[in-house]
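Asker: The file below is protein-v6.txt, compact mmCIF, C-alpha atoms and all ligand atoms:
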```txt
# COMPACT_ATOMS: atom_id res chain seq x y z
CA MET A 1 0.00 0.00 0.00
CA PRO A 2 1.43 3.40 -0.90
CA SER A 3 1.99 5.48 2.23
CA PHE A 4 0.91 8.62 0.40
CA ALA A 5 -1.97 9.22 -1.96
CA LEU A 6 -1.81 11.38 -5.06
CA PRO A 7 -4.61 13.20 -6.84
CA PRO A 8 -5.72 11.32 -9.97
CA GLY A 9 -3.60 12.04 -13.02
CA TYR A 10 -0.69 13.35 -11.04
CA THR A 11 2.31 13.09 -13.33
CA ARG A 12 4.96 15.19 -11.63
CA ILE A 13 6.05 12.52 -9.14
CA ARG A 14 8.07 9.46 -10.01
CA ARG A 15 8.45 6.65 -7.53
CA VAL A 16 11.89 5.03 -7.41
CA GLY A 17 13.03 1.82 -5.75
CA SER A 18 16.41 2.64 -4.24
CA PHE A 19 18.70 5.42 -3.08
CA ASP A 20 20.89 4.97 -6.16
CA GLU A 21 17.86 5.43 -8.39
CA LEU A 22 16.84 8.50 -6.39
CA VAL A 23 20.28 9.99 -7.08
CA ALA A 24 20.48 9.00 -10.75
CA THR A 25 16.96 9.76 -12.04
CA PRO A 26 16.82 13.10 -13.87
CA PHE A 27 13.98 15.59 -13.66
CA VAL A 28 12.58 15.29 -17.20
CA GLY A 29 9.17 15.25 -18.84
CA GLY A 30 7.74 17.61 -16.24
CA VAL A 31 8.61 15.33 -13.32
CA ASN A 32 9.83 17.51 -10.43
CA ALA A 33 9.63 15.15 -7.46
CA LEU A 34 11.20 11.74 -6.93
CA CYS A 35 10.08 9.54 -4.07
CA TRP A 36 11.89 6.55 -2.64
CA GLU A 37 8.96 5.02 -0.84
CA ARG A 38 10.00 3.24 2.35
CA THR A 39 8.53 1.50 5.34
CA LEU A 40 11.21 2.03 7.94
CA PRO A 41 12.03 -0.22 10.88
CA GLY A 42 12.32 1.21 14.38
CA ASP A 43 10.49 3.49 16.74
CA PHE A 44 11.07 7.12 15.77
CA GLY A 45 8.50 8.26 18.32
CA GLU A 46 10.73 6.93 21.06
CA VAL A 47 13.68 8.86 19.66
CA VAL A 48 11.61 12.06 19.64
CA ALA A 49 10.43 11.40 23.21
CA ARG A 50 14.01 10.86 24.40
CA ILE A 51 15.16 14.11 22.81
CA GLY A 52 12.66 15.79 25.12
CA ALA A 53 10.23 18.62 24.61
CA THR A 54 11.83 21.83 23.47
CA GLU A 55 10.47 25.01 21.98
CA GLY A 56 11.22 25.53 18.35
CA ILE A 57 13.82 23.42 16.56
CA THR A 58 16.49 21.06 17.90
CA THR A 59 19.21 20.02 15.46
CA LEU A 60 20.59 16.54 16.05
CA ASP A 61 23.93 15.02 15.16
CA GLU A 62 25.21 11.46 15.33
CA ALA A 63 26.80 11.95 18.76
CA ARG A 64 23.55 13.21 20.28
CA LEU A 65 21.59 10.37 18.68
CA ALA A 66 24.06 7.73 19.82
CA ALA A 67 23.89 9.02 23.42
CA LEU A 68 20.11 8.66 23.71
CA PRO A 69 19.01 5.89 26.10
CA VAL A 70 16.66 3.89 23.87
CA SER A 71 15.20 0.40 23.45
CA ALA A 72 16.12 -1.90 20.56
CA ALA A 73 13.33 -0.33 18.48
CA GLY A 74 14.64 3.16 19.21
CA SER A 75 18.12 2.00 18.37
CA ALA A 76 16.90 0.65 15.01
CA ALA A 77 15.40 4.06 14.24
CA ILE A 78 18.67 5.78 15.15
CA GLY A 79 20.48 3.38 12.82
CA VAL A 80 18.23 4.53 9.95
CA LEU A 81 18.82 8.20 10.75
CA ILE A 82 22.60 7.80 10.85
CA GLU A 83 22.59 5.80 7.62
CA ASP A 84 20.48 8.42 5.81
CA LEU A 85 22.84 11.17 6.97
CA ARG A 86 25.75 9.11 5.67
CA LEU A 87 24.10 8.45 2.28
CA LEU A 88 23.43 12.14 1.71
CA ARG A 89 26.87 13.26 2.88
CA ASN A 90 28.41 10.75 0.48
CA GLN A 91 26.65 12.71 -2.29
CA GLY A 92 28.45 15.86 -1.17
CA LEU A 93 25.32 17.18 0.54
CA ALA A 94 24.99 18.78 3.97
CA PRO A 95 21.88 17.16 5.48
CA VAL A 96 20.36 18.52 8.68
CA LEU A 97 18.27 16.41 11.03
CA ASP A 98 15.82 18.48 13.06
CA CYS A 99 13.30 17.75 15.76
CA ILE A 100 10.68 20.44 15.23
CA GLU A 101 8.05 21.65 17.68
CA ALA A 102 7.30 24.71 15.54
CA TYR A 103 8.96 26.95 12.98
CA PRO A 104 9.08 30.73 13.29
CA ARG A 105 5.97 32.36 11.83
CA ASP A 106 5.89 35.27 9.48
CA ASP A 107 2.67 37.27 9.68
CA ASP A 108 3.30 39.63 6.81
CA ALA A 109 0.83 42.46 6.56
CA ASN A 110 1.16 42.46 2.76
CA GLY A 111 -0.60 39.12 2.53
CA VAL A 112 2.45 37.06 1.55
CA SER A 113 3.86 35.26 4.54
CA THR A 114 7.24 33.84 3.62
CA ASP A 115 7.52 31.15 6.27
CA VAL A 116 7.66 27.41 5.56
CA TYR A 117 3.97 26.95 6.44
CA SER A 118 3.17 28.72 3.18
CA PHE A 119 3.31 26.75 -0.08
CA HIS A 120 6.60 27.71 -1.70
CA ALA A 121 9.37 26.72 -4.06
CA ASP A 122 12.92 26.47 -2.77
CA SER A 123 15.40 28.44 -4.85
CA ALA A 124 19.14 28.44 -5.42
CA PRO A 125 21.56 30.51 -7.53
CA VAL A 126 23.07 27.31 -8.93
CA GLN A 127 21.85 23.81 -9.82
CA ALA A 128 20.50 22.21 -6.63
CA ASP A 129 17.79 19.90 -5.34
CA THR A 130 16.03 19.64 -2.00
CA TRP A 131 16.09 16.29 -0.20
CA LEU A 132 13.68 15.57 2.61
CA CYS A 133 12.22 12.83 4.77
CA THR A 134 9.72 13.06 7.62
CA TYR A 135 10.41 10.20 10.06
CA HIS A 136 7.88 11.17 12.69
CA GLY A 137 5.01 13.59 13.10
CA ALA A 138 3.01 15.27 10.37
CA PRO A 139 4.64 14.95 6.93
CA SER A 140 5.45 17.75 4.50
CA GLU A 141 2.78 18.59 1.94
CA GLY A 142 3.00 19.16 -1.80
CA LEU A 143 0.93 21.09 -4.32
CA ARG A 144 0.91 20.31 -8.03
CA ASN A 145 2.07 23.24 -10.16
CA GLU A 146 -1.19 23.14 -12.14
CA GLU A 147 -3.14 23.77 -8.92
CA ALA A 148 -0.94 26.59 -7.67
CA ARG A 149 -0.92 30.30 -8.32
CA ARG A 150 1.95 32.61 -7.41
CA ARG A 151 0.79 35.00 -4.74
CA VAL A 152 2.50 37.92 -6.49
CA ASP A 153 0.30 37.26 -9.55
CA ILE A 154 -2.90 37.86 -7.57
CA PRO A 155 -3.82 41.47 -8.39
CA GLU A 156 -4.82 42.55 -4.85
CA THR A 157 -1.69 41.00 -3.35
CA ARG A 158 0.55 42.54 -5.99
CA ALA A 159 -1.07 45.94 -5.42
CA ALA A 160 -0.48 45.67 -1.65
CA LEU A 161 3.18 44.73 -2.22
CA LEU A 162 3.58 47.59 -4.68
CA ARG A 163 2.19 50.04 -2.10
CA SER A 164 4.65 48.76 0.46
CA PHE A 165 7.49 48.99 -2.09
CA GLY A 166 6.47 52.53 -2.94
CA GLY A 167 7.31 52.65 -6.63
CA GLU A 168 6.31 51.46 -10.08
CA ASP A 169 5.67 47.86 -11.20
CA ASN A 170 9.02 47.66 -12.96
CA GLU A 171 12.33 45.78 -12.85
CA ALA A 172 13.22 47.30 -9.45
CA PHE A 173 9.89 46.08 -8.04
CA ARG A 174 10.48 42.59 -9.42
CA GLU A 175 13.90 42.59 -7.79
CA TYR A 176 12.25 43.59 -4.52
CA LEU A 177 9.77 40.69 -4.84
CA SER A 178 12.67 38.35 -5.45
CA GLU A 179 14.89 39.68 -2.63
CA CYS A 180 12.03 39.30 -0.13
CA CYS A 181 11.18 35.82 -1.54
CA TYR A 182 7.60 36.97 -2.19
CA ASP A 183 7.78 35.53 -5.70
CA LEU A 184 8.46 32.01 -4.38
CA HIS A 185 5.15 31.66 -2.54
CA TYR A 186 1.97 30.13 -3.91
CA THR A 187 -1.66 29.73 -3.04
CA PRO A 188 -3.77 26.68 -3.98
CA VAL A 189 -6.43 27.38 -6.60
CA ALA A 190 -10.05 26.53 -5.78
CA GLY A 191 -10.51 22.76 -5.63
CA ALA A 192 -6.78 22.03 -5.37
CA GLN A 193 -5.82 18.75 -3.75
CA PRO A 194 -2.49 19.07 -1.93
CA PHE A 195 -0.77 15.73 -1.35
CA SER A 196 1.19 14.32 1.57
CA PHE A 197 4.85 13.33 1.28
CA GLY A 198 4.11 10.53 3.75
CA VAL A 199 6.24 9.25 6.62
CA GLY A 200 9.55 7.47 6.03
CA ASN A 201 9.81 8.26 2.31
CA LEU A 202 12.96 9.99 1.09
CA TRP A 203 12.25 12.63 -1.55
CA ARG A 204 14.36 14.59 -3.97
CA ILE A 205 12.45 17.59 -5.29
CA ALA A 206 13.22 20.24 -7.90
CA VAL A 207 14.36 23.68 -6.83
CA GLU A 208 13.95 26.93 -8.76
CA HIS A 209 17.35 27.75 -10.23
CA PRO A 210 18.72 29.22 -13.44
CA GLY A 211 18.43 26.75 -16.31
CA SER A 212 16.14 24.31 -14.51
CA ALA A 213 14.41 21.97 -16.98
CA VAL A 214 11.27 21.66 -14.85
CA PRO A 215 9.16 23.94 -12.68
CA PRO A 216 10.04 23.72 -8.98
CA CYS A 217 8.18 21.34 -6.68
CA ILE A 218 5.81 23.39 -4.50
CA HIS A 219 5.64 22.28 -0.88
CA ARG A 220 5.14 23.38 2.71
CA ALA A 221 5.49 22.30 6.31
CA PRO A 222 2.25 21.02 7.83
CA GLU A 223 0.35 23.34 10.13
CA THR A 224 1.42 23.05 13.78
CA ARG A 225 -1.49 22.09 16.00
CA PRO A 226 -1.62 22.20 19.82
CA GLY A 227 -0.69 18.87 21.39
CA GLN A 228 0.73 17.53 18.13
CA GLU A 229 3.79 15.28 18.17
CA PRO A 230 7.04 17.02 17.21
CA ARG A 231 8.28 16.30 13.71
CA LEU A 232 11.54 14.54 12.99
CA LEU A 233 12.73 15.82 9.61
CA LEU A 234 15.81 15.34 7.48
CA ILE A 235 16.46 18.11 5.01
CA SER A 236 19.25 19.03 2.66
FE FE B 301 11.07 24.45 1.31
```
Take the structure in this file and express it as structure tokens.
Ligand SMILES: [Fe+2]
Answerer:
Amino acid sequence: MPSFALPPGYTRIRRVGSFDELVATPFVGGVNALCWERTLPGDFGEVVARIGATEGITTLDEARLAALPVSAAGSAAIGVLIEDLRLLRNQGLAPVLDCIEAYPRDDDANGVSTDVYSFHADSAPVQADTWLCTYHGAPSEGLRNEEARRRVDIPETRAALLRSFGGEDNEAFREYLSECCYDLHYTPVAGAQPFSFGVGNLWRIAVEHPGSAVPPCIHRAPETRPGQEPRLLLIS
């Protein structure tokens, strides 16, 4: 059984069967997300519980993980985490493993919040991809490009941003939108069906960068709800 469900006709995601395939598969034909679907052994909830409740975000390294007093199931989960960190580092990446109670919020008065709870594309000045896996807690969410609209293309939002910029809708304004990351944020169109990245799956998703062959994969962090389990997330 797939651990995540896609809207019918969704063609931007390709499932792969191994880490090597995840690394080697190109983004072509409109595909902008690759998913290595996994059912992982171990108890990641125990790992999160042992880390202890903290406000905000706790970044974990191998030494901290190895020092946690856990059962065999917790130890199996830690083995997976350390192996995933190793696999990504071997690709020259710099993965970060975070235990997340909540991210900082951005309540922007212009109507474009630029925090990770808002659907967005990642961007980079050079060729790059984003890698991510949710091991525990609510998974990341995706939005197909066809069901997304850039917030800066919504007339009322653009007008509000232009007022705050205080100039004309010209090249300087577009630079301002880019510098503030406003142009990377999206809103779902009516009837859109966001999809879940699922738990345990390792994803490689397309980033907005010069010369990219595909549109970026639009995604967000799930809404934080009171009493919710912290998330355990690998990201690179
Ligand atoms: Fe992101």
Asker: Would you pick out the contacts of Asp61 (chain A) at 8 Å or less, using all atoms listed in the file, so that residues sharing its chain but fewer than 3 positions from it are not included, and give the list as a list in words?
Answerer: Arg64, Leu65 and Leu97 of chain A
Asker: Using all atoms listed in the file, which residues of chain A come within 10 Å of ligand FE 301 (chain B), and what is the closest atom pair for each, with the distance in Å to one decimal? Give it as a Markdown table, sorted by chain and residue number.
Answerer:
```
| residue | atom | partner | partner_atom | distance |
| --- | --- | --- | --- | --- |
| A:Asp115 | CA | B:FE301 | FE | 9.1 |
| A:Val116 | CA | B:FE301 | FE | 6.2 |
| A:Tyr117 | CA | B:FE301 | FE | 9.1 |
| A:Ser118 | CA | B:FE301 | FE | 9.2 |
| A:Phe119 | CA | B:FE301 | FE | 8.2 |
| A:His120 | CA | B:FE301 | FE | 6.3 |
| A:Ala121 | CA | B:FE301 | FE | 6.1 |
| A:Asp122 | CA | B:FE301 | FE | 4.9 |
| A:Ser123 | CA | B:FE301 | FE | 8.5 |
| A:Thr130 | CA | B:FE301 | FE | 7.7 |
| A:Trp131 | CA | B:FE301 | FE | 9.7 |
| A:Leu132 | CA | B:FE301 | FE | 9.3 |
| A:Ser140 | CA | B:FE301 | FE | 9.3 |
| A:Leu184 | CA | B:FE301 | FE | 9.8 |
| A:Ile205 | CA | B:FE301 | FE | 9.6 |
| A:Val207 | CA | B:FE301 | FE | 8.8 |
| A:Cys217 | CA | B:FE301 | FE | 9.0 |
| A:Ile218 | CA | B:FE301 | FE | 7.9 |
| A:His219 | CA | B:FE301 | FE | 6.2 |
| A:Arg220 | CA | B:FE301 | FE | 6.2 |
| A:Ala221 | CA | B:FE301 | FE | 7.8 |
| A:Ile235 | CA | B:FE301 | FE | 9.1 |
| A:Ser236 | CA | B:FE301 | FE | 9.9 |
```
Asker: Which neighbours of Pro210 (chain A) fall inside 12 Å, counting only C-alpha atoms, when residues of the same chain fewer than 4 positions from it are skipped, and could you give them as an mmCIF file with C-alpha atoms, in the coordinates of the input?
Answerer:
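The resulting file, out23.cif, is reproduced below:
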```
data_model
loop_
_atom_site.group_PDB
_atom_site.id
_atom_site.type_symbol
_atom_site.label_atom_id
_atom_site.label_comp_id
_atom_site.auth_asym_id
_atom_site.auth_seq_id
_atom_site.Cartn_x
_atom_site.Cartn_y
_atom_site.Cartn_z
ATOM 1 C CA SER A 123 15.400 28.440 -4.850
ATOM 2 C CA ALA A 124 19.140 28.440 -5.420
ATOM 3 C CA PRO A 125 21.560 30.510 -7.530
ATOM 4 C CA VAL A 126 23.070 27.310 -8.930
ATOM 5 C CA GLN A 127 21.850 23.810 -9.820
ATOM 6 C CA ALA A 128 20.500 22.210 -6.630
ATOM 7 C CA ALA A 206 13.220 20.240 -7.900
ATOM 8 C CA VAL A 214 11.270 21.660 -14.850
ATOM 9 C CA PRO A 215 9.160 23.940 -12.680
ATOM 10 C CA PRO A 216 10.040 23.720 -8.980
#
```
Asker: Could you give me, as a list in words, the residues that sit within 10 Å of (18.1, 10.4, -6.0) in the file's coordinates, counting all atoms listed in the file?
Answerer: Val16, Gly17, Ser18, Phe19, Asp20, Glu21, Leu22, Val23, Ala24, Thr25, Pro26, Ala33, Leu34, Cys35, Trp36, Leu88, Gln91, Asp129, Trp131, Leu202, Trp203, Arg204 and Ile205 of chain A
Asker: Closest to Glu101 (chain A) among A:Arg14, A:Arg38, A:Arg86, A:His136, using all atoms listed in the file?
Answerer: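 Among A:Arg14, A:Arg38, A:Arg86, A:His136, it is A:His136 that comes nearest to Glu101 (chain A).
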